[in-house]
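Peer 1: Take this structure first; my questions come after.
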Amino acid sequence: MDNHTASLPLMLRQLNLTTMAKHWEPMGQRAITDQWRPQRYLAELCHSELINREDRRLQRLLKDAKLPTGKTLGNYEFDLVAGVTTHQIADLAQQAGWIKQGANVLIFGASGLGKTHLASAIGYGLVEQGYKVKFFAASAIVQQLQQAKQQLRLQEELLKLDKYPLLIVDDVGYVRKNEQETSVLFELIAHRYERHSMIITSNKAFEDWDELFDDSTMTIAAIDRLVHHATILHCEGESYRRKKAMEKGS
């Protein structure tokens with residue numbers, strides 16, 4: 001082995017080509033056996049590096065997104081819930097035009113109809129396309145923003161969330177109606193309006209959002225901003241979770 005070949009693993013690692021550093025030698029043996037041209041050998045090495053990098057990037061995005069485990073498009077049983085179709089959700093998950101426009105998706109329905117599952121399925125599809133997504137329970141993000149506001153850094157916290165083209169805010173119907181919580185929720189909605197997208201799930205229809213916001217003017221303003229560029233889905237039927245539990249128990 002000549003000096004250049006001996007130092008190849010070190011050079012590849014210095015160039016951060018870790019997959020190539022791992023595979024150059026066994027792939028080189030295969031290239032000799034199969035009589036690859038040098039160009040083919042180099043292309044195969046580069047391909048393995050790119051595939052591995054893409055896989056690592058996807059894993060980082062999924063870890064950061066904190067989407068509920070297993071709630072993907074493939075395991076949602078659309079025949080148990082009316083008002084949504086596979087095509088609607090697949091289109092939102094696979095066609096990212098609405099994300100680029102800063103549009104929203106609003107998913108309404110009674111408890112147990114799989115609203116969180118649908119929101120997560122869309123999130124998983126967009127992560128697979130390389131988009132940064134972040135999932136929050138509504139109560140958690142409200143508490144986070146409330147704390148930031150008390151520390152006089154609410155705007156800084158809102159700007160941090162701008163790195164996510166999509167925020168999923170789950171179960172806004174459980175936000176407590178008080179001035180502190182609802183004001184920061186409104187600030188979030190207003191800040192992202194026509195800039196970045198949100199998926200919001202709620203067990204309360206718009207006509208009941210006066211129960212969320214302390215001020216009716218704020219309620220109207222929040223709804224106006226959310227629906228201006230939005231896909232609105234209404235899930236209907238018996239509890240999806242209860243049906244699944246009964247099936248398991250039978």
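Residues in the structure tokens are named by chain (A, B, ... in the order shown) and by number from 1 within that chain; ligands are numbered from 1 in the order shown.
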Considering only C-alpha atoms, return as a CSV table (one decimal) with C-alpha atoms, in the first residue's frame whatever protein or nucleic-acid residues lie within 10 Å of segment 153-168 of chain A, sequence-local ones (same chain, fewer than 5 positions apart) excluded.
Peer 2:
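Contents of part_7.csv, as written:
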chain,number,residue,atom,x,y,z
A,65,ALA,CA,-39.9,17.4,15.5
A,67,LEU,CA,-44.0,13.9,16.5
A,99,ILE,CA,-46.1,25.4,3.4
A,100,LYS,CA,-44.3,27.7,1.0
A,101,GLN,CA,-47.3,30.1,1.1
A,102,GLY,CA,-47.5,30.1,4.9
A,103,ALA,CA,-51.0,28.6,4.9
A,104,ASN,CA,-52.6,26.7,7.7
A,105,VAL,CA,-54.5,23.4,8.3
A,106,LEU,CA,-57.2,23.4,11.0
A,116,THR,CA,-53.6,14.3,16.5
A,119,ALA,CA,-51.8,16.2,12.1
A,120,SER,CA,-48.8,14.0,12.9
A,122,ILE,CA,-49.0,15.4,7.7
A,123,GLY,CA,-45.9,16.3,9.8
A,126,LEU,CA,-43.2,16.9,5.4
A,127,VAL,CA,-40.2,15.9,7.5
A,131,TYR,CA,-39.0,20.4,6.2
A,132,LYS,CA,-38.4,21.3,9.8
A,133,VAL,CA,-41.6,20.5,11.8
A,134,LYS,CA,-42.2,20.9,15.5
A,135,PHE,CA,-45.1,19.3,17.4
A,136,PHE,CA,-46.4,20.9,20.6
A,137,ALA,CA,-49.3,20.2,22.9
A,138,ALA,CA,-51.1,23.5,23.0
A,144,GLN,CA,-43.3,28.1,27.1
A,145,LEU,CA,-44.4,31.4,25.6
A,146,GLN,CA,-45.9,32.6,28.8
A,147,GLN,CA,-42.6,32.0,30.6
A,148,ALA,CA,-40.8,33.9,27.8
A,184,VAL,CA,-49.5,34.5,24.1
A,187,GLU,CA,-49.3,36.5,19.7
A,188,LEU,CA,-48.1,33.2,18.2
A,191,HIS,CA,-46.6,36.4,14.5
A,192,ARG,CA,-46.8,33.5,12.0
A,195,ARG,CA,-45.2,33.9,7.1
A,196,HIS,CA,-45.1,30.4,8.4
A,197,SER,CA,-47.6,27.6,8.6
A,198,MET,CA,-49.5,26.0,11.5
A,199,ILE,CA,-51.6,22.9,12.0
A,200,ILE,CA,-54.0,23.4,14.8
A,201,THR,CA,-56.3,20.7,16.2
Peer 1: When you draw a straight line from atom CA of Leu233 of chain A to atom CA of Ala190 of chain A, how long is it in Å?
Peer 2: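 The value is 21.3 Å.
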Peer 1: What's the 9 Å shell around segment 202-216 of chain A, counting only C-alpha atoms, without same-chain residues fewer than 2 positions away, as a list in words?
Peer 2: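 The neighbour list is Leu106, Ile107, Phe108, Gly109, Ala110, Ser111, Lys115, Asp170, Asp171, Val172, Gly173, Tyr174, Val175, Arg176, Lys177, Asn178, Glu179, Glu181, Thr182, Ser183, Leu185, Phe186, Ile200, Met218, Thr219, Ile220, Ala221 and Ile223 of chain A.
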Peer 1: Residues as selected, C-alpha atoms, written as a short mmCIF file (atom, residue, chain, number, x, y, z; two decimals), in the first residue's frame, can you do that?
Peer 2:
data_model
loop_
_atom_site.label_atom_id
_atom_site.label_comp_id
_atom_site.auth_asym_id
_atom_site.auth_seq_id
_atom_site.Cartn_x
_atom_site.Cartn_y
_atom_site.Cartn_z
CA LEU A 106 -57.23 23.40 10.96
CA ILE A 107 -58.57 20.05 12.15
CA PHE A 108 -61.77 20.00 14.20
CA GLY A 109 -63.67 17.17 15.80
CA ALA A 110 -64.76 15.57 19.03
CA SER A 111 -62.27 13.84 21.29
CA LYS A 115 -57.08 14.62 15.04
CA ASP A 170 -52.39 20.08 19.30
CA ASP A 171 -55.61 20.40 21.33
CA VAL A 172 -56.02 24.18 21.63
CA GLY A 173 -59.41 23.47 23.16
CA TYR A 174 -57.68 22.61 26.42
CA VAL A 175 -55.94 25.97 26.81
CA ARG A 176 -57.26 27.64 29.92
CA LYS A 177 -59.18 30.87 29.43
CA ASN A 178 -57.15 33.55 31.13
CA GLU A 179 -55.50 36.70 29.90
CA GLU A 181 -52.41 32.16 28.28
CA THR A 182 -54.70 33.40 25.54
CA SER A 183 -52.66 36.53 24.87
CA LEU A 185 -51.49 32.12 21.91
CA PHE A 186 -52.79 35.11 19.97
CA ILE A 200 -54.04 23.38 14.79
CA MET A 218 -59.08 38.79 20.16
CA THR A 219 -61.14 35.71 19.29
CA ILE A 220 -62.32 37.23 16.01
CA ALA A 221 -58.82 38.47 15.13
CA ILE A 223 -59.86 33.22 13.73
#
Peer 1: Please indicate the distance in Å from atom CA of Glu44 of chain A to atom CA of Leu58 of chain A, rounded to one decimal place.
Peer 2: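 Between atom CA of Glu44 of chain A and atom CA of Leu58 of chain A the gap works out to 21.2 Å.
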Peer 1: Looking at only C-alpha atoms, which of A:Leu45, A:Gly130, A:Phe78, A:Arg53 is the one that sits closest to Leu12 of chain A?
Peer 2: A:Leu45
Peer 1: List the neighbours of Asn75 of chain A out to 10 Å using only C-alpha atoms; skip same-chain residues closer than 5 positions along the sequence, and give me the result as a list in words.
Peer 2: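 Within the cut-off, the hits are Gly70, His117 and Ala121 of chain A.
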Peer 1: Would you output that residue set with N, CA and C atoms, as a PDB file, in the first residue's frame?
Peer 2:
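Resulting contents of part13.pdb:
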ATOM      1  N   GLY A  70     -45.412   6.644  15.661  1.00  0.00           N
ATOM      2  CA  GLY A  70     -46.284   5.710  14.950  1.00  0.00           C
ATOM      3  C   GLY A  70     -47.535   6.294  14.327  1.00  0.00           C
ATOM      4  N   HIS A 117     -53.490  12.264  15.284  1.00  0.00           N
ATOM      5  CA  HIS A 117     -52.918  11.309  14.332  1.00  0.00           C
ATOM      6  C   HIS A 117     -52.825  11.941  12.941  1.00  0.00           C
ATOM      7  N   ALA A 121     -49.464  12.720  10.900  1.00  0.00           N
ATOM      8  CA  ALA A 121     -49.232  12.092   9.596  1.00  0.00           C
ATOM      9  C   ALA A 121     -48.776  13.125   8.570  1.00  0.00           C
TER      10      ALA A 121
END
Peer 1: Could you tell me, as a PyMOL selection string, which residues of segment 7-231 of chain A DSSP assigns to alpha helix (DSSP H) when given the backbone?
Peer 2: chain A and resi 7-14+18-34+38-65+86-94+97-100+115-128+138-150+154-160+179-192+216-228
Peer 1: Hey, can you check how far atom CA of Lys22 of chain A sits from atom CA of Ser48 of chain A?
Peer 2: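 Answer for the atom CA of Lys22 of chain A to atom CA of Ser48 of chain A separation: 10.1 Å.
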